[in-house]
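Student: First, the structure itself, so that you have it in front of you.
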There are 2 protein chains.
Amino acid sequence: MSDSHEREVGARIRADIIAGVHAPGAKLREVALAEQYEVSRIPIREALRSLEAEGLVESRKYSGSIVAPSPVEDAEDLFEIRIVLESATAKRAAKRAAALNASDTPDGRWRELRKEISEILDAGDAAIGQERFEDLAVLNMRFHFAVAELSGSLSFISLLRQISGKIEWLYSLNLMRRGPQAWPEHREIIAAIDAGQEAKAAEVMARHVRRSRDSYFAMMSDEHPRTT
Amino acid sequence: MSDSHEREVGARIRADIIAGVHAPGAKLREVALAEQYEVSRIPIREALRSLEAEGLVESRKYSGSIVAPSPVEDAEDLFEIRIVLESATAKRAAKRAAALNASDTPDGRWRELRKEISEILDAGDAAIGQERFEDLAVLNMRFHFAVAELSGSLSFISLLRQISGKIEWLYSLNLMRRGPQAWPEHREIIAAIDAGQEAKAAEVMARHVRRSRDSYFAMMSDEHPRTT
DNA sequence: GAGGTGTAGTTTGTATACAAAACTGTAATC
DNA sequence: GATTACAGTTTTGTATACAAACTACACCTC
């Protein structure tokens with residue numbers, strides 16, 4: 001998400017799945033994809049293996065791949081998991097910040113990330129000021145992944161990638177609505193991390209994600225008033 | 001895990017990483033792996049893309065793949081996430097059981113899985129009776145994945161695959177110790193699911209995983225008495 | 001001697017080509 | 001009429017071959 005960690009084609013296919021270009025249940029034929037994305041089948045296949053491991057695609061041997069069913073049913077539990085996961089990343093990031101503050105060992109990667117986060121936050125403020133709310137979705141994404149990187153844990157990063165892939169699939173539009181009031185919460189999170197306050201960072205992050213969840217369900221019940 | 005869902009070579013490489021054949025930080029050269037596992041580079045590369053998405057391997061473009069650092073540091077939080085995740089799978093499985101009990105719609109896949117679980121449980125009992133504790137690790141794995149499949153949620157299955165991949169890496173040996181007393185807890189979980197008791201299933205599963213976590217940390221402090 | 005530059009060699013990325021399995025529709029049989 | 005057997009087609013799986021990028025070490029310049 002942040003850097004070019006992603007294999008090019010895989011990222012594009014993922015984006016198209018999330019955007020609905022490839023609908024759930026649709027067959028993903030390798031030659032068709034190869035033509036569409038203008039590469040050979042090899043990169044397509046590698047991308048499909050990644051997406052399969054991420055749970056966005058389902059494959060059976062000699063039988064091809066289909067877009068996985070949308071995880072709407074799992075929304076509640078996915079948010080629950082995300083709360084636990086992101087609390088852990090915030091807590092860990094705060095812990096590392098405290099350690100860095102104590103010993104004055106300069107950490108290049110940390111500074112780099114911290115700077116990137118500041119830029120993300122400023123860009124978000126600017127977007128809100130100019131009412132370009134559509135930019136908030138990707139900025140939000142980048143913020144949460146940057147915090148995960150601050151945590152220094154690869155496990156957390158890969159788990160977050162997987163969960164947020166599914167959640168983004170569900171509600172990328174929602175951020176445009178909640179964005180303006182949610183954005184300032186990010187600064188609270190970073191403040192707690194910078195201060196090395198583990199418990200507070202975890203708590204503030206949990207509250208932030210919980211609000212995001214509530215906003216999602218509010219949106220859902222607006223759009224589908226009686227679908228239980 | 002359960003069926004042949006796994007690509008053959010990928011499963012073997014994963015197993016070797018978990019078993020320590022490929023140590024954390026080791027470079028994974030494609031030609032070397034191709035020779036070692038007696039296939040061409042193509043299946044190797046696809047396996048690496050899966051393992052990368054699972055967080056067991058780290059890759060950079062044109063620079064190859066290395067085994068990711070062991071997630072020991074994250075153990076506590078990974079268990080925390082696993083508790084939430086597996087509670088959700090148990091709850092969902094119980095919900096589906098209740099739905100099936102109500103409407104007498106016969107679900108082939110359900111019956112199949114349910115039968116497999118019974119066999120797993122019996123096999124575990126037999127293993128304990130004959131003191132073949134080393135078999136419990138894979139049986140335990142299969143049990144938890146089968147429950148995840150009962151939940152019917154692909155999201156949960158792929159998340160469980162990712163988390164348990166990391167956790168198994170940490171403590172596969174531990175099960176041989178705790179196995180004998182932990183095994184009967186599985187029957188409690190299944191009983192609650194069969195009865196369609198969502199809350200109870202979640203609760204029993206959470207307790208089961210919590211005990212597993214405690215046992216893991218007990219083992220760690222035995223082996224490394226003063227490593228803080 | 002320190003630092004940059006170039007080149008040889010290694011390693012990954014991708015395309016083409018072929019083999020193996022699955023699917024589909026037709027026809028023959030019960 | 002339904003079902004099964006079979007062949008043709010389609011689609012995936014894998015190997016080989018080649019191109020592109022990185023790495024390391026020697027060499028040249030300052």
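Identifiers for the structure tokens are assigned positionally: chains receive A, B, ... in sequence, residues are indexed from 1 per chain, and ligands are indexed from 1 in the order shown.
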Distance limit 9 Å, atoms considered: only C-alpha atoms. Which chain A residues sit that close to chain B? Return them as a PyMOL selection string.

Tutor: chain A and resi 4-5+7+42+45-56+58-61+68-69+71+73-74+77-78+80-82+84-85+88+153-159+161-163+166

Student: Dump C-alpha atoms for the selected residues as a PDB file, in the first residue's frame?

Tutor:
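Result saved to selection_1.pdb:
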```pdb
ATOM      1  CA  SER A   4       5.956  -0.551  -4.206  1.00  0.00           C
ATOM      2  CA  HIS A   5       5.670  -3.577  -1.975  1.00  0.00           C
ATOM      3  CA  ARG A   7       3.331  -6.598  -7.341  1.00  0.00           C
ATOM      4  CA  ILE A  42       2.728 -15.966 -15.363  1.00  0.00           C
ATOM      5  CA  ARG A  45      -1.039 -16.571 -11.853  1.00  0.00           C
ATOM      6  CA  GLU A  46       1.293 -15.195  -9.218  1.00  0.00           C
ATOM      7  CA  ALA A  47      -1.156 -12.420  -8.506  1.00  0.00           C
ATOM      8  CA  LEU A  48      -3.964 -14.951  -8.164  1.00  0.00           C
ATOM      9  CA  ARG A  49      -1.932 -16.962  -5.654  1.00  0.00           C
ATOM     10  CA  SER A  50      -1.471 -13.838  -3.551  1.00  0.00           C
ATOM     11  CA  LEU A  51      -5.119 -12.904  -3.763  1.00  0.00           C
ATOM     12  CA  GLU A  52      -6.037 -16.453  -2.864  1.00  0.00           C
ATOM     13  CA  ALA A  53      -3.918 -16.299   0.282  1.00  0.00           C
ATOM     14  CA  GLU A  54      -5.585 -12.995   1.077  1.00  0.00           C
ATOM     15  CA  GLY A  55      -8.992 -14.589   0.755  1.00  0.00           C
ATOM     16  CA  LEU A  56     -10.241 -12.396  -2.083  1.00  0.00           C
ATOM     17  CA  GLU A  58     -10.918 -18.890  -4.432  1.00  0.00           C
ATOM     18  CA  SER A  59      -9.028 -21.427  -6.522  1.00  0.00           C
ATOM     19  CA  ARG A  60      -9.348 -25.128  -7.163  1.00  0.00           C
ATOM     20  CA  LYS A  61      -6.752 -27.165  -8.947  1.00  0.00           C
ATOM     21  CA  ALA A  68     -14.647 -14.917  -3.405  1.00  0.00           C
ATOM     22  CA  PRO A  69     -18.085 -14.074  -2.059  1.00  0.00           C
ATOM     23  CA  PRO A  71     -17.577 -10.838   3.287  1.00  0.00           C
ATOM     24  CA  GLU A  73     -21.780 -11.526   6.618  1.00  0.00           C
ATOM     25  CA  ASP A  74     -18.517 -11.322   8.500  1.00  0.00           C
ATOM     26  CA  ASP A  77     -16.495 -10.056  13.449  1.00  0.00           C
ATOM     27  CA  LEU A  78     -13.964  -8.576  11.061  1.00  0.00           C
ATOM     28  CA  GLU A  80     -13.929  -7.008  16.136  1.00  0.00           C
ATOM     29  CA  ILE A  81     -10.696  -8.579  14.972  1.00  0.00           C
ATOM     30  CA  ARG A  82      -9.489  -5.310  13.535  1.00  0.00           C
ATOM     31  CA  VAL A  84      -7.823  -6.092  18.632  1.00  0.00           C
ATOM     32  CA  LEU A  85      -5.239  -6.036  15.882  1.00  0.00           C
ATOM     33  CA  ALA A  88      -1.923  -4.063  19.311  1.00  0.00           C
ATOM     34  CA  SER A 153       5.868  -6.246  13.388  1.00  0.00           C
ATOM     35  CA  LEU A 154       5.619  -8.017  10.064  1.00  0.00           C
ATOM     36  CA  SER A 155       2.910 -10.256  11.468  1.00  0.00           C
ATOM     37  CA  PHE A 156       0.726  -7.273  12.184  1.00  0.00           C
ATOM     38  CA  ILE A 157       1.336  -5.760   8.798  1.00  0.00           C
ATOM     39  CA  SER A 158       0.376  -8.862   6.893  1.00  0.00           C
ATOM     40  CA  LEU A 159      -2.678  -9.441   9.060  1.00  0.00           C
ATOM     41  CA  ARG A 161      -3.321  -6.157   4.891  1.00  0.00           C
ATOM     42  CA  GLN A 162      -5.611  -9.141   4.874  1.00  0.00           C
ATOM     43  CA  ILE A 163      -8.294  -7.717   7.124  1.00  0.00           C
ATOM     44  CA  LYS A 166     -11.816  -7.328   3.151  1.00  0.00           C
TER      45      LYS A 166
END
```

Student: Set the distance at 12 Å and use only C-alpha atoms (C1' of nucleotides): which residues neighbour DG3 of chain C once local chain neighbours fewer than 4 positions away are removed? I'd like the list as number ranges by chain.

Tutor: D: 28-30

Student: Just write the chosen residues, N, CA and C atoms (P, O5', C5', C4', C3', O3' and C1' of nucleotides), as a CSV table (one decimal), in the first residue's frame.

Tutor:
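Heads up, here's the output in selection.csv:
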```csv
chain,number,residue,atom,x,y,z
D,28,DC,P,42.5,0.4,-14.5
D,28,DC,O5',41.9,1.8,-15.0
D,28,DC,C5',40.5,1.9,-15.2
D,28,DC,C4',40.0,3.1,-14.4
D,28,DC,C3',41.0,4.3,-14.4
D,28,DC,O3',40.4,5.4,-15.1
D,28,DC,C1',40.0,4.0,-12.3
D,29,DT,P,41.4,6.8,-15.4
D,29,DT,O5',40.7,7.8,-14.4
D,29,DT,C5',39.3,8.0,-14.3
D,29,DT,C4',39.0,8.8,-13.0
D,29,DT,C3',39.7,10.1,-12.9
D,29,DT,O3',38.8,11.2,-12.7
D,29,DT,C1',39.8,8.8,-10.9
D,30,DC,P,39.4,12.7,-12.8
D,30,DC,O5',39.4,13.2,-11.2
D,30,DC,C5',38.2,13.1,-10.4
D,30,DC,C4',38.6,13.2,-9.0
D,30,DC,C3',39.5,14.4,-8.7
D,30,DC,O3',38.8,15.3,-7.8
D,30,DC,C1',40.3,12.5,-7.6
```

Student: I need the contact residues of chain A against chain D, so if you could list those with any atom within 9 Å, counting only C-alpha atoms (C1' of nucleotides), and return them as a ChimeraX atom specification, that would help.

Tutor: /A:29-31,61-64

Student: For the selection you just gave me, I'd like the residues written to a file as a PDB file, in the first residue's frame, keeping N, CA, C and O atoms.

Tutor:
```pdb
ATOM      1  N   ARG A  29     -10.579 -15.989 -15.629  1.00  0.00           N
ATOM      2  CA  ARG A  29      -9.829 -16.818 -16.570  1.00  0.00           C
ATOM      3  C   ARG A  29      -8.484 -16.168 -16.844  1.00  0.00           C
ATOM      4  O   ARG A  29      -8.395 -14.976 -17.145  1.00  0.00           O
ATOM      5  N   GLU A  30      -7.462 -16.997 -16.800  1.00  0.00           N
ATOM      6  CA  GLU A  30      -6.107 -16.448 -16.857  1.00  0.00           C
ATOM      7  C   GLU A  30      -5.796 -15.771 -18.177  1.00  0.00           C
ATOM      8  O   GLU A  30      -5.193 -14.697 -18.198  1.00  0.00           O
ATOM      9  N   VAL A  31      -6.193 -16.376 -19.282  1.00  0.00           N
ATOM     10  CA  VAL A  31      -5.887 -15.752 -20.580  1.00  0.00           C
ATOM     11  C   VAL A  31      -6.630 -14.433 -20.720  1.00  0.00           C
ATOM     12  O   VAL A  31      -6.075 -13.445 -21.224  1.00  0.00           O
ATOM     13  N   LYS A  61      -7.710 -26.671  -7.982  1.00  0.00           N
ATOM     14  CA  LYS A  61      -6.752 -27.165  -8.947  1.00  0.00           C
ATOM     15  C   LYS A  61      -7.434 -27.538 -10.269  1.00  0.00           C
ATOM     16  O   LYS A  61      -8.470 -28.188 -10.268  1.00  0.00           O
ATOM     17  N   TYR A  62      -6.857 -27.143 -11.343  1.00  0.00           N
ATOM     18  CA  TYR A  62      -7.371 -27.439 -12.692  1.00  0.00           C
ATOM     19  C   TYR A  62      -8.787 -26.921 -12.912  1.00  0.00           C
ATOM     20  O   TYR A  62      -9.456 -27.326 -13.838  1.00  0.00           O
ATOM     21  N   SER A  63      -9.232 -26.071 -12.036  1.00  0.00           N
ATOM     22  CA  SER A  63     -10.615 -25.633 -12.164  1.00  0.00           C
ATOM     23  C   SER A  63     -10.720 -24.111 -12.122  1.00  0.00           C
ATOM     24  O   SER A  63     -11.798 -23.554 -12.260  1.00  0.00           O
ATOM     25  N   GLY A  64      -9.590 -23.465 -11.937  1.00  0.00           N
ATOM     26  CA  GLY A  64      -9.588 -22.019 -12.053  1.00  0.00           C
ATOM     27  C   GLY A  64      -9.936 -21.275 -10.783  1.00  0.00           C
ATOM     28  O   GLY A  64     -10.119 -21.864  -9.728  1.00  0.00           O
TER      29      GLY A  64
END
```

Student: Would you kindly return, as a PyMOL selection string, each protein, DNA or RNA residue with an atom no farther than 10 Å from any atom of Val204 of chain B, considering only C-alpha atoms (C1' of nucleotides) and excluding same-chain residues fewer than 2 positions away?

Tutor: chain B and resi 87+90-91+185-186+188-190+192+199-202+206-210

Student: Could you save those same residues with C-alpha atoms as a PDB file, in the first residue's frame?

Tutor:
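Everything below was put into selection37.pdb:
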```pdb
ATOM      1  CA  SER B  87     -14.639 -17.408  19.073  1.00  0.00           C
ATOM      2  CA  ALA B  90     -17.325 -21.249  16.783  1.00  0.00           C
ATOM      3  CA  LYS B  91     -20.204 -18.850  17.205  1.00  0.00           C
ATOM      4  CA  GLU B 185     -11.978 -29.610  25.375  1.00  0.00           C
ATOM      5  CA  HIS B 186     -12.547 -30.076  21.666  1.00  0.00           C
ATOM      6  CA  GLU B 188     -17.046 -29.526  24.537  1.00  0.00           C
ATOM      7  CA  ILE B 189     -16.685 -27.095  21.680  1.00  0.00           C
ATOM      8  CA  ILE B 190     -18.354 -29.405  19.208  1.00  0.00           C
ATOM      9  CA  ALA B 192     -21.970 -26.512  21.965  1.00  0.00           C
ATOM     10  CA  ALA B 199     -22.698 -17.844  23.075  1.00  0.00           C
ATOM     11  CA  LYS B 200     -21.546 -21.021  24.734  1.00  0.00           C
ATOM     12  CA  ALA B 201     -19.601 -22.201  21.705  1.00  0.00           C
ATOM     13  CA  ALA B 202     -17.783 -18.874  21.552  1.00  0.00           C
ATOM     14  CA  ALA B 206     -12.186 -18.698  23.840  1.00  0.00           C
ATOM     15  CA  ARG B 207     -11.345 -20.554  27.041  1.00  0.00           C
ATOM     16  CA  HIS B 208      -9.700 -23.325  25.064  1.00  0.00           C
ATOM     17  CA  VAL B 209      -7.449 -20.926  23.162  1.00  0.00           C
ATOM     18  CA  ARG B 210      -6.694 -18.950  26.311  1.00  0.00           C
TER      19      ARG B 210
END
```

Student: By how many Å are atom CA of Val9 of chain A and atom CA of Glu35 of chain A apart?

Tutor: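 Going from atom CA of Val9 of chain A over to atom CA of Glu35 of chain A covers 12.0 Å.
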
Student: Can you work out the spacing between atom CA of Arg12 of chain A and atom CA of Glu119 of chain A in Å, to one decimal?

Tutor: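 Atom CA of Glu119 of chain A lies 24.8 Å from atom CA of Arg12 of chain A.
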
Student: Which distance in Å separates atom CA of Phe143 of chain B and atom CA of Leu160 of chain A, to one decimal?

Tutor: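 Separation between atom CA of Phe143 of chain B and atom CA of Leu160 of chain A: 25.2 Å.
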
Student: Any chance you could list, as a VMD selection string, the residues in segment 36-133 of chain B that come up strand (DSSP E or B) when DSSP is run on the backbone?

Tutor: chain B and resid 57 to 60 64 to 67

Student: Which parts of segment 44-191 of chain A does DSSP call helix (DSSP H, G or I) when run on the backbone here, written out as a PyMOL selection string?

Tutor: chain A and resi 44-54+71-102+108-129+133-151+154-171+174-191

Student: Give me, as number ranges by chain, the residues of chain C touching chain A, with the criterion being at most 12 Å (counting only C-alpha atoms (C1' of nucleotides)).

Tutor: C: 13-16, 20-23

Student: Tell me, as a PyMOL selection string, which residues lie within 12 Å of Asp125 of chain A, counting only C-alpha atoms (C1' of nucleotides); anything in the same chain fewer than 4 positions away does not count.

Tutor: chain A and resi 118-121+129-133+135-136+139-140+179-187

Student: Could you check which of A:Glu112, A:Asp214, A:Glu86, A:Asp194 is closest to His144 of chain A, using only C-alpha atoms?

Tutor: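 Smallest separation from His144 of chain A among the options: A:Glu86.
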